[in-house]
$ cat start34.pdb   # PDB, C-alpha atoms, pLDDT in the B column
ATOM      1  CA  MET A 999     449.430 238.350 -46.636  1.00 62.00           C
ATOM      2  CA  GLN A1000     446.111 240.142 -47.046  1.00 63.00           C
ATOM      3  CA  ASN A1001     444.801 238.491 -43.875  1.00 74.00           C
ATOM      4  CA  VAL A1002     447.828 239.759 -41.928  1.00 68.00           C
ATOM      5  CA  VAL A1003     447.247 243.323 -43.151  1.00 71.00           C
ATOM      6  CA  VAL A1004     443.553 243.208 -42.187  1.00 70.00           C
ATOM      7  CA  LYS A1005     444.404 241.738 -38.790  1.00 65.00           C
ATOM      8  CA  ASN A1006     446.939 244.471 -38.102  1.00 73.00           C
ATOM      9  CA  ILE A1007     444.413 247.162 -39.004  1.00 73.00           C
ATOM     10  CA  PHE A1008     441.781 245.749 -36.660  1.00 68.00           C
ATOM     11  CA  ASP A1009     444.318 245.112 -33.911  1.00 67.00           C
ATOM     12  CA  ASN A1010     445.063 248.836 -33.996  1.00 74.00           C
ATOM     13  CA  PHE A1011     441.350 249.607 -33.848  1.00 71.00           C
ATOM     14  CA  ASN A1012     440.938 247.298 -30.896  1.00 70.00           C
ATOM     15  CA  GLU A1013     443.818 248.914 -29.032  1.00 74.00           C
ATOM     16  CA  TYR A1014     442.341 252.376 -29.664  1.00 74.00           C
ATOM     17  CA  LEU A1015     438.857 251.346 -28.485  1.00 78.00           C
ATOM     18  CA  THR A1016     440.245 249.652 -25.395  1.00 81.00           C
ATOM     19  CA  LYS A1017     442.189 252.748 -24.381  1.00 82.00           C
ATOM     20  CA  GLU A1018     439.156 254.963 -24.932  1.00 84.00           C
ATOM     21  CA  GLN A1019     436.978 252.669 -22.864  1.00 89.00           C
ATOM     22  CA  GLU A1020     439.519 252.759 -20.044  1.00 91.00           C
ATOM     23  CA  LEU A1021     439.639 256.564 -20.256  1.00 91.00           C
ATOM     24  CA  ARG A1022     435.862 256.852 -20.097  1.00 92.00           C
ATOM     25  CA  THR A1023     435.794 254.518 -17.098  1.00 94.00           C
ATOM     26  CA  GLU A1024     438.272 256.780 -15.286  1.00 96.00           C
ATOM     27  CA  ILE A1025     436.184 259.816 -16.207  1.00 96.00           C
ATOM     28  CA  ARG A1026     432.995 258.188 -14.893  1.00 96.00           C
ATOM     29  CA  ASP A1027     434.690 257.358 -11.591  1.00 97.00           C
ATOM     30  CA  ILE A1028     435.794 260.970 -11.094  1.00 97.00           C
ATOM     31  CA  VAL A1029     432.417 262.353 -12.163  1.00 97.00           C
ATOM     32  CA  ARG A1030     430.716 260.038  -9.674  1.00 97.00           C
ATOM     33  CA  ASP A1031     432.769 261.574  -6.854  1.00 97.00           C
ATOM     34  CA  ILE A1032     431.934 265.095  -8.034  1.00 98.00           C
ATOM     35  CA  ASP A1033     428.270 264.176  -8.280  1.00 98.00           C
ATOM     36  CA  GLN A1034     428.277 262.875  -4.707  1.00 98.00           C
ATOM     37  CA  ALA A1035     429.793 266.121  -3.451  1.00 98.00           C
ATOM     38  CA  ALA A1036     427.181 268.098  -5.391  1.00 98.00           C
ATOM     39  CA  LYS A1037     424.403 266.028  -3.829  1.00 98.00           C
ATOM     40  CA  GLU A1038     425.799 266.707  -0.363  1.00 98.00           C
ATOM     41  CA  ALA A1039     425.896 270.445  -1.110  1.00 98.00           C
ATOM     42  CA  ALA A1040     422.302 270.327  -2.356  1.00 98.00           C
ATOM     43  CA  ILE A1041     421.169 268.502   0.778  1.00 98.00           C
ATOM     44  CA  ALA A1042     422.865 271.119   2.967  1.00 97.00           C
ATOM     45  CA  LEU A1043     421.191 273.987   1.104  1.00 98.00           C
ATOM     46  CA  GLN A1044     417.715 272.507   1.378  1.00 97.00           C
ATOM     47  CA  ILE A1045     417.623 273.841   4.954  1.00 96.00           C
ATOM     48  CA  ILE A1046     416.700 277.248   3.497  1.00 96.00           C
ATOM     49  CA  HIS A1047     413.163 275.955   2.969  1.00 95.00           C
ATOM     50  CA  SER A1048     412.633 275.078   6.620  1.00 95.00           C
ATOM     51  CA  SER A1049     414.829 277.387   8.711  1.00 94.00           C
ATOM     52  CA  ILE A1050     415.984 280.992   8.547  1.00 92.00           C
ATOM     53  CA  ALA A1051     418.659 280.786  11.234  1.00 93.00           C
ATOM     54  CA  ASP A1052     420.502 277.830   9.681  1.00 96.00           C
ATOM     55  CA  VAL A1053     421.093 279.404   6.250  1.00 96.00           C
ATOM     56  CA  PRO A1054     424.621 280.786   6.951  1.00 96.00           C
ATOM     57  CA  GLY A1055     425.801 277.417   8.244  1.00 97.00           C
ATOM     58  CA  ALA A1056     424.360 275.678   5.198  1.00 97.00           C
ATOM     59  CA  CYS A1057     426.350 277.967   2.914  1.00 98.00           C
ATOM     60  CA  VAL A1058     429.576 277.163   4.772  1.00 97.00           C
ATOM     61  CA  THR A1059     428.870 273.438   4.429  1.00 98.00           C
ATOM     62  CA  ALA A1060     428.061 273.776   0.730  1.00 98.00           C
ATOM     63  CA  ARG A1061     431.350 275.549   0.056  1.00 98.00           C
ATOM     64  CA  LYS A1062     433.268 272.669   1.629  1.00 98.00           C
ATOM     65  CA  HIS A1063     431.617 270.333  -0.862  1.00 98.00           C
ATOM     66  CA  PHE A1064     432.469 272.729  -3.690  1.00 98.00           C
ATOM     67  CA  ASP A1065     436.127 272.257  -2.719  1.00 98.00           C
ATOM     68  CA  THR A1066     435.667 268.518  -3.319  1.00 98.00           C
ATOM     69  CA  CYS A1067     434.105 269.298  -6.699  1.00 98.00           C
ATOM     70  CA  ARG A1068     437.085 271.519  -7.505  1.00 97.00           C
ATOM     71  CA  THR A1069     439.466 268.648  -6.784  1.00 97.00           C
ATOM     72  CA  GLY A1070     437.459 266.396  -9.084  1.00 97.00           C
ATOM     73  CA  TYR A1071     437.481 268.889 -11.940  1.00 97.00           C
ATOM     74  CA  GLY A1072     441.228 269.200 -11.501  1.00 96.00           C
ATOM     75  CA  LYS A1073     441.565 265.456 -12.017  1.00 96.00           C
ATOM     76  CA  LEU A1074     439.381 265.626 -15.120  1.00 95.00           C
ATOM     77  CA  ALA A1075     441.453 268.474 -16.538  1.00 93.00           C
ATOM     78  CA  GLU A1076     444.597 266.352 -16.193  1.00 93.00           C
ATOM     79  CA  LEU A1077     442.895 263.314 -17.710  1.00 93.00           C
ATOM     80  CA  ILE A1078     441.247 264.825 -20.794  1.00 91.00           C
ATOM     81  CA  PRO A1079     443.617 265.070 -23.800  1.00 88.00           C
ATOM     82  CA  ASP A1080     444.250 268.558 -25.190  1.00 86.00           C
ATOM     83  CA  GLY A1081     441.581 269.704 -27.613  1.00 84.00           C
ATOM     84  CA  GLN A1082     439.141 266.916 -26.705  1.00 89.00           C
ATOM     85  CA  TYR A1083     436.991 268.696 -24.102  1.00 91.00           C
ATOM     86  CA  TYR A1084     433.790 268.474 -26.155  1.00 90.00           C
ATOM     87  CA  ARG A1085     434.436 264.889 -27.089  1.00 90.00           C
ATOM     88  CA  PHE A1086     433.999 263.774 -23.491  1.00 92.00           C
ATOM     89  CA  ASN A1087     431.962 266.543 -21.852  1.00 92.00           C
ATOM     90  CA  ASP A1088     428.734 264.559 -22.082  1.00 93.00           C
ATOM     91  CA  HIS A1089     429.978 262.888 -18.881  1.00 94.00           C
ATOM     92  CA  TRP A1090     429.908 266.111 -16.804  1.00 96.00           C
ATOM     93  CA  HIS A1091     427.754 268.468 -18.915  1.00 93.00           C
ATOM     94  CA  PHE A1092     424.531 268.380 -16.859  1.00 96.00           C
ATOM     95  CA  LEU A1093     426.379 267.907 -13.578  1.00 97.00           C
ATOM     96  CA  THR A1094     428.285 271.153 -14.144  1.00 97.00           C
ATOM     97  CA  GLN A1095     425.017 273.002 -14.729  1.00 97.00           C
ATOM     98  CA  ARG A1096     423.677 271.717 -11.423  1.00 98.00           C
ATOM     99  CA  ILE A1097     426.839 272.695  -9.549  1.00 98.00           C
ATOM    100  CA  VAL A1098     426.763 276.187 -11.062  1.00 98.00           C
ATOM    101  CA  PHE A1099     423.186 276.458  -9.791  1.00 98.00           C
ATOM    102  CA  LEU A1100     424.302 275.439  -6.296  1.00 98.00           C
ATOM    103  CA  ILE A1101     427.163 277.937  -6.364  1.00 98.00           C
ATOM    104  CA  ALA A1102     424.821 280.672  -7.601  1.00 98.00           C
ATOM    105  CA  LEU A1103     422.323 279.843  -4.850  1.00 98.00           C
ATOM    106  CA  THR A1104     425.042 279.933  -2.196  1.00 98.00           C
ATOM    107  CA  VAL A1105     426.374 283.293  -3.370  1.00 98.00           C
ATOM    108  CA  TYR A1106     422.846 284.706  -3.505  1.00 98.00           C
ATOM    109  CA  LEU A1107     422.135 283.542   0.034  1.00 97.00           C
ATOM    110  CA  GLU A1108     425.435 285.005   1.253  1.00 97.00           C
ATOM    111  CA  LYS A1109     425.601 288.263  -0.698  1.00 96.00           C
ATOM    112  CA  GLY A1110     422.276 288.780  -2.487  1.00 95.00           C
ATOM    113  CA  PHE A1111     423.687 289.096  -6.005  1.00 96.00           C
ATOM    114  CA  LEU A1112     424.265 286.931  -9.076  1.00 97.00           C
ATOM    115  CA  VAL A1113     427.548 285.057  -9.216  1.00 98.00           C
ATOM    116  CA  SER A1114     429.550 285.820 -12.351  1.00 97.00           C
ATOM    117  CA  ARG A1115     430.702 283.126 -14.729  1.00 97.00           C
ATOM    118  CA  GLU A1116     434.291 283.964 -13.808  1.00 97.00           C
ATOM    119  CA  THR A1117     433.666 283.519 -10.089  1.00 97.00           C
ATOM    120  CA  ALA A1118     431.752 280.260 -10.584  1.00 98.00           C
ATOM    121  CA  ALA A1119     434.631 278.972 -12.700  1.00 97.00           C
ATOM    122  CA  GLU A1120     437.132 280.046 -10.045  1.00 97.00           C
ATOM    123  CA  VAL A1121     435.223 278.134  -7.349  1.00 97.00           C
ATOM    124  CA  LEU A1122     435.577 274.996  -9.468  1.00 97.00           C
ATOM    125  CA  GLY A1123     439.137 275.692 -10.586  1.00 96.00           C
ATOM    126  CA  LEU A1124     438.092 276.075 -14.217  1.00 95.00           C
ATOM    127  CA  CYS A1125     439.002 278.481 -17.001  1.00 93.00           C
ATOM    128  CA  VAL A1126     436.413 280.615 -18.794  1.00 93.00           C
ATOM    129  CA  GLU A1127     437.958 280.582 -22.253  1.00 87.00           C
ATOM    130  CA  GLN A1128     437.647 277.545 -24.509  1.00 83.00           C
ATOM    131  CA  LYS A1129     441.160 278.103 -25.844  1.00 80.00           C
ATOM    132  CA  ASP A1130     442.526 277.497 -22.335  1.00 77.00           C
ATOM    133  CA  GLY A1131     441.250 273.914 -22.320  1.00 82.00           C
ATOM    134  CA  PHE A1132     439.060 272.622 -19.499  1.00 88.00           C
ATOM    135  CA  HIS A1133     436.608 275.461 -18.939  1.00 94.00           C
ATOM    136  CA  LEU A1134     433.155 276.467 -17.751  1.00 96.00           C
ATOM    137  CA  ASP A1135     431.050 276.546 -20.884  1.00 93.00           C
ATOM    138  CA  ILE A1136     428.834 279.637 -21.098  1.00 94.00           C
ATOM    139  CA  GLU A1137     425.694 277.578 -21.774  1.00 93.00           C
ATOM    140  CA  ASP A1138     426.337 275.477 -18.670  1.00 95.00           C
ATOM    141  CA  TYR A1139     426.636 278.702 -16.669  1.00 97.00           C
ATOM    142  CA  LEU A1140     423.386 280.100 -18.086  1.00 96.00           C
ATOM    143  CA  MET A1141     421.484 276.865 -17.454  1.00 96.00           C
ATOM    144  CA  GLY A1142     422.678 276.907 -13.866  1.00 97.00           C
ATOM    145  CA  VAL A1143     421.415 280.473 -13.453  1.00 97.00           C
ATOM    146  CA  LEU A1144     418.002 279.503 -14.841  1.00 96.00           C
ATOM    147  CA  GLN A1145     417.807 276.678 -12.310  1.00 96.00           C
ATOM    148  CA  LEU A1146     418.509 279.280  -9.635  1.00 97.00           C
ATOM    149  CA  ALA A1147     415.397 281.226 -10.633  1.00 95.00           C
ATOM    150  CA  SER A1148     413.196 278.161 -10.135  1.00 94.00           C
ATOM    151  CA  GLU A1149     414.694 277.450  -6.731  1.00 96.00           C
ATOM    152  CA  LEU A1150     414.222 281.054  -5.644  1.00 97.00           C
ATOM    153  CA  SER A1151     410.534 280.934  -6.542  1.00 95.00           C
ATOM    154  CA  ARG A1152     410.184 278.012  -4.144  1.00 95.00           C
ATOM    155  CA  TYR A1153     412.304 279.850  -1.580  1.00 97.00           C
ATOM    156  CA  ALA A1154     409.967 282.841  -1.796  1.00 95.00           C
ATOM    157  CA  VAL A1155     406.945 280.676  -0.980  1.00 94.00           C
ATOM    158  CA  ASN A1156     408.630 278.993   1.966  1.00 95.00           C
ATOM    159  CA  SER A1157     409.994 282.284   3.295  1.00 94.00           C
ATOM    160  CA  VAL A1158     406.405 283.445   3.770  1.00 93.00           C
ATOM    161  CA  THR A1159     405.616 280.202   5.573  1.00 91.00           C
ATOM    162  CA  LEU A1160     408.552 280.903   7.895  1.00 93.00           C
ATOM    163  CA  GLY A1161     407.292 284.411   8.558  1.00 91.00           C
ATOM    164  CA  ASP A1162     409.880 286.306   6.485  1.00 93.00           C
ATOM    165  CA  TYR A1163     407.788 288.688   4.379  1.00 93.00           C
ATOM    166  CA  GLU A1164     410.678 290.778   3.110  1.00 93.00           C
ATOM    167  CA  LYS A1165     412.538 287.937   1.390  1.00 94.00           C
ATOM    168  CA  PRO A1166     409.989 287.491  -1.433  1.00 95.00           C
ATOM    169  CA  LEU A1167     410.298 291.206  -2.233  1.00 94.00           C
ATOM    170  CA  THR A1168     414.068 291.029  -2.720  1.00 95.00           C
ATOM    171  CA  ILE A1169     413.748 287.746  -4.615  1.00 96.00           C
ATOM    172  CA  SER A1170     411.133 289.282  -6.900  1.00 95.00           C
ATOM    173  CA  LYS A1171     413.440 292.122  -7.913  1.00 95.00           C
ATOM    174  CA  PHE A1172     416.397 289.780  -8.374  1.00 96.00           C
ATOM    175  CA  VAL A1173     414.504 287.330 -10.593  1.00 96.00           C
ATOM    176  CA  ALA A1174     412.964 290.196 -12.574  1.00 95.00           C
ATOM    177  CA  ASP A1175     416.483 291.485 -13.244  1.00 96.00           C
ATOM    178  CA  LEU A1176     417.511 287.992 -14.370  1.00 96.00           C
ATOM    179  CA  ASN A1177     414.551 287.891 -16.729  1.00 95.00           C
ATOM    180  CA  SER A1178     415.533 291.252 -18.201  1.00 95.00           C
ATOM    181  CA  GLY A1179     419.101 290.064 -18.639  1.00 95.00           C
ATOM    182  CA  PHE A1180     418.128 286.890 -20.465  1.00 94.00           C
ATOM    183  CA  ARG A1181     415.867 288.863 -22.784  1.00 92.00           C
ATOM    184  CA  LEU A1182     418.970 290.628 -24.066  1.00 93.00           C
ATOM    185  CA  LEU A1183     420.387 287.328 -25.312  1.00 92.00           C
ATOM    186  CA  ASN A1184     419.802 285.999 -28.802  1.00 88.00           C
ATOM    187  CA  LEU A1185     418.993 282.428 -27.807  1.00 85.00           C
ATOM    188  CA  LYS A1186     418.535 279.660 -30.347  1.00 79.00           C
ATOM    189  CA  ASN A1187     415.570 277.292 -30.229  1.00 66.00           C
ATOM    190  CA  ASP A1188     417.312 274.673 -28.127  1.00 84.00           C
ATOM    191  CA  SER A1189     417.269 273.420 -24.532  1.00 87.00           C
ATOM    192  CA  LEU A1190     418.533 276.768 -23.237  1.00 90.00           C
ATOM    193  CA  ARG A1191     415.741 278.617 -25.012  1.00 89.00           C
ATOM    194  CA  LYS A1192     413.132 276.204 -23.694  1.00 88.00           C
ATOM    195  CA  ARG A1193     414.466 276.568 -20.172  1.00 89.00           C
ATOM    196  CA  PHE A1194     414.394 280.344 -20.510  1.00 91.00           C
ATOM    197  CA  ASP A1195     410.743 280.163 -21.561  1.00 89.00           C
ATOM    198  CA  ALA A1196     409.986 278.656 -18.147  1.00 89.00           C
ATOM    199  CA  LEU A1197     411.522 281.696 -16.419  1.00 92.00           C
ATOM    200  CA  LYS A1198     408.423 283.778 -17.037  1.00 89.00           C
ATOM    201  CA  TYR A1199     406.418 281.350 -14.900  1.00 91.00           C
ATOM    202  CA  ASP A1200     408.923 281.744 -12.075  1.00 93.00           C
ATOM    203  CA  VAL A1201     408.605 285.521 -12.357  1.00 93.00           C
ATOM    204  CA  LYS A1202     404.812 285.321 -12.344  1.00 92.00           C
ATOM    205  CA  LYS A1203     404.752 282.976  -9.352  1.00 92.00           C
ATOM    206  CA  ILE A1204     406.944 285.296  -7.282  1.00 94.00           C
ATOM    207  CA  GLU A1205     404.961 288.369  -8.336  1.00 93.00           C
ATOM    208  CA  GLU A1206     401.788 286.674  -7.110  1.00 93.00           C
ATOM    209  CA  ILE A1207     403.413 286.056  -3.727  1.00 93.00           C
ATOM    210  CA  VAL A1208     404.494 289.696  -3.461  1.00 93.00           C
ATOM    211  CA  TYR A1209     401.010 290.848  -4.450  1.00 91.00           C
ATOM    212  CA  ASP A1210     399.451 288.643  -1.784  1.00 90.00           C
ATOM    213  CA  ILE A1211     401.845 289.990   0.851  1.00 90.00           C
ATOM    214  CA  SER A1212     401.005 293.550  -0.127  1.00 88.00           C
ATOM    215  CA  LEU A1213     397.266 292.850  -0.204  1.00 86.00           C
ATOM    216  CA  ARG A1214     397.347 291.416   3.307  1.00 82.00           C
ATOM    217  CA  GLY A1215     399.405 294.309   4.648  1.00 79.00           C
ATOM    218  CA  LEU A1216     402.391 292.176   5.569  1.00 73.00           C
ATOM    219  CA  ARG A1217     405.102 294.247   3.868  1.00 69.00           C
ATOM    220  CA  GLY A1218     407.647 295.454   6.370  1.00 64.00           C
ATOM    221  CA  GLU A1219     406.812 292.672   8.822  1.00 58.00           C
ATOM    222  CA  THR A1220     409.258 289.853   9.540  1.00 54.00           C
ATOM    223  CA  ALA A1221     408.816 287.147  12.125  1.00 47.00           C
ATOM    224  CA  THR A1222     411.630 286.803  14.646  1.00 41.00           C
ATOM    225  CA  THR A1223     411.182 283.051  14.857  1.00 38.00           C
ATOM    226  CA  THR A1224     411.893 280.224  12.459  1.00 37.00           C
ATOM    227  CA  GLU A1225     408.509 278.655  13.216  1.00 41.00           C
ATOM    228  CA  PRO A1226     405.923 278.694  10.401  1.00 38.00           C
ATOM    229  CA  ALA A1227     403.646 281.706  10.447  1.00 38.00           C
ATOM    230  CA  LYS A1228     400.086 281.132  11.663  1.00 38.00           C
ATOM    231  CA  PRO A1229     397.370 281.214   8.995  1.00 34.00           C
ATOM    232  CA  GLN A1230     395.921 284.661   8.536  1.00 32.00           C
TER     233      GLN A1230
END
$ encode --input "start34.pdb" --output "structure tokens"
Amino acid sequence: MQNVVVKNIFDNFNEYLTKEQELRTEIRDIVRDIDQAAKEAAIALQIIHSSIADVPGACVTARKHFDTCRTGYGKLAELIPDGQYYRFNDHWHFLTQRIVFLIALTVYLEKGFLVSRETAAEVLGLCVEQKDGFHLDIEDYLMGVLQLASELSRYAVNSVTLGDYEKPLTISKFVADLNSGFRLLNLKNDSLRKRFDALKYDVKKIEEIVYDISLRGLRGETATTTEPAKPQ
């Protein structure tokens, strides 16, 4: 009798573990599709480092891939049981941060300002409040924004190479504003805090570019070609 009781208990455990494994497999399949779309968006946006004229087209392409990401998140929202978002979010946690970065970069390239958490969530079809279920976590949003700062520091360097001497000036002000904003936050000593600590190096790097432009008397000059500027 005792053996039957023990067997029944472990049969129930086995059924539970099997169902969870199947659920995680479904989640991984969906996340893989989202990840592929994010990679395609990232590839499209890399054109900003080699061409000025192709930036608008790259943004249009990236947004098409964001639509694919939105579809994927919709599938995840239907799949994840109510109240178990944080139990499974290790599957899409870092991916979401990267996609937020790509959305933020696209919006900056299009409009020149920082995308809000609400707008980023809307692009992906997500909620912003935890109580509403599948949502865009605030830390994932902030990490994505910090990744944007690093990419913009690289963009500033390559803009000079392409002969656009005004772009680093606008980037410098934007990233400085980001830095000021993050300094208002009471961040714990975790990955977000460590990533924020790296922001000051991005700010410094961009400031050095602006200083060099000013020193060489290039402010107010912008090349009309996408070819790299000749060495001065």
$ atom_distance --input "start34.pdb" --atom1 "atom CA of Asp1162 of chain A" --atom2 "atom CA of Leu1107 of chain A"
14.1 Å
$ resolve_selection --input "start34.pdb" --expression "the PyMOL selection byres ((chain A and resi 1137-1153) around 7)" --output "list in words"
His1047, Thr1094, Gln1095, Arg1096, Val1098, Phe1099, Ala1102, Leu1103, Arg1115, Leu1134, Asp1135, Ile1136, Ala1154, Val1155, Asn1156, Ser1157, Ile1169, Val1173, Leu1190, Phe1194, Leu1197, Asp1200, Lys1203 and Ile1204 of chain A
$ atom_distance --input "start34.pdb" --atom1 "atom CA of Gln1082 of chain A" --atom2 "atom CA of Gly1131 of chain A"
8.5 Å
$ closest_residue --input "start34.pdb" --among "A:Leu1100, A:Arg1030, A:Thr1023, A:His1133" --to "Glu1116 of chain A" --atoms "all atoms listed in the file"
A:His1133
$ atom_distance --input "start34.pdb" --atom1 "atom CA of Gly1179 of chain A" --atom2 "atom CA of Ile1045 of chain A"
28.7 Å
$ resolve_selection --input "start34.pdb" --expression "the PyMOL selection byres ((chain A and resi 1036) around 8)" --output "list in words"
Ile1032, Asp1033, Gln1034, Ala1035, Lys1037, Glu1038, Ala1039, Ala1040, His1063, Phe1064, Cys1067, Arg1096, Ile1097 and Leu1100 of chain A
$ residues_near_point --input "start34.pdb" --point "(413.3, 285.1, -23.2)" --cutoff "6 Å" --atoms "only C-alpha atoms" --output "VMD selection string"
chain A and resid 1180 to 1181 1194 to 1195
$ write_last_selection --input "start34.pdb" --atoms "C-alpha atoms" --output "short mmCIF file (atom, residue, chain, number, x, y, z; two decimals), keeping the file's coordinate frame"
data_model
loop_
_atom_site.label_atom_id
_atom_site.label_comp_id
_atom_site.auth_asym_id
_atom_site.auth_seq_id
_atom_site.Cartn_x
_atom_site.Cartn_y
_atom_site.Cartn_z
CA PHE A 1180 418.13 286.89 -20.46
CA ARG A 1181 415.87 288.86 -22.78
CA PHE A 1194 414.39 280.34 -20.51
CA ASP A 1195 410.74 280.16 -21.56
#
$ resolve_selection --input "start34.pdb" --expression "the PyMOL selection byres ((chain A and resi 1048) around 10)" --output "list in words"
Gln1044, Ile1045, Ile1046, His1047, Ser1049, Ile1050, Ala1051, Asp1052, Val1053, Tyr1153, Asn1156, Ser1157, Thr1159, Leu1160, Thr1224, Glu1225 and Pro1226 of chain A
$ write_last_selection --input "start34.pdb" --atoms "C-alpha atoms" --output "PDB file, keeping the file's coordinate frame"
ATOM      1  CA  GLN A1044     417.715 272.507   1.378  1.00 97.00           C
ATOM      2  CA  ILE A1045     417.623 273.841   4.954  1.00 96.00           C
ATOM      3  CA  ILE A1046     416.700 277.248   3.497  1.00 96.00           C
ATOM      4  CA  HIS A1047     413.163 275.955   2.969  1.00 95.00           C
ATOM      5  CA  SER A1049     414.829 277.387   8.711  1.00 94.00           C
ATOM      6  CA  ILE A1050     415.984 280.992   8.547  1.00 92.00           C
ATOM      7  CA  ALA A1051     418.659 280.786  11.234  1.00 93.00           C
ATOM      8  CA  ASP A1052     420.502 277.830   9.681  1.00 96.00           C
ATOM      9  CA  VAL A1053     421.093 279.404   6.250  1.00 96.00           C
ATOM     10  CA  TYR A1153     412.304 279.850  -1.580  1.00 97.00           C
ATOM     11  CA  ASN A1156     408.630 278.993   1.966  1.00 95.00           C
ATOM     12  CA  SER A1157     409.994 282.284   3.295  1.00 94.00           C
ATOM     13  CA  THR A1159     405.616 280.202   5.573  1.00 91.00           C
ATOM     14  CA  LEU A1160     408.552 280.903   7.895  1.00 93.00           C
ATOM     15  CA  THR A1224     411.893 280.224  12.459  1.00 37.00           C
ATOM     16  CA  GLU A1225     408.509 278.655  13.216  1.00 41.00           C
ATOM     17  CA  PRO A1226     405.923 278.694  10.401  1.00 38.00           C
TER      18      PRO A1226
END
$ closest_residue --input "start34.pdb" --among "A:Asp1130, A:Asp1027, A:Ser1114, A:Gly1123" --to "His1089 of chain A" --atoms "all atoms listed in the file"
A:Asp1027
$ residues_around --input "start34.pdb" --residues "Pro1079 of chain A" --least-positions-apart "2" --cutoff "12 Å" --atoms "all atoms listed in the file" --output "list of chain:residue names"
A:Glu1018, A:Leu1021, A:Arg1022, A:Ile1025, A:Lys1073, A:Leu1074, A:Ala1075, A:Glu1076, A:Leu1077, A:Gly1081, A:Gln1082, A:Tyr1083, A:Tyr1084, A:Arg1085, A:Phe1086, A:Asn1087, A:Gly1131, A:Phe1132
$ residues_near_point --input "start34.pdb" --point "(425.2, 282.1, 2.7)" --cutoff "10 Å" --atoms "only C-alpha atoms" --output "PyMOL selection string"
chain A and resi 1043+1046+1052-1061+1103-1110
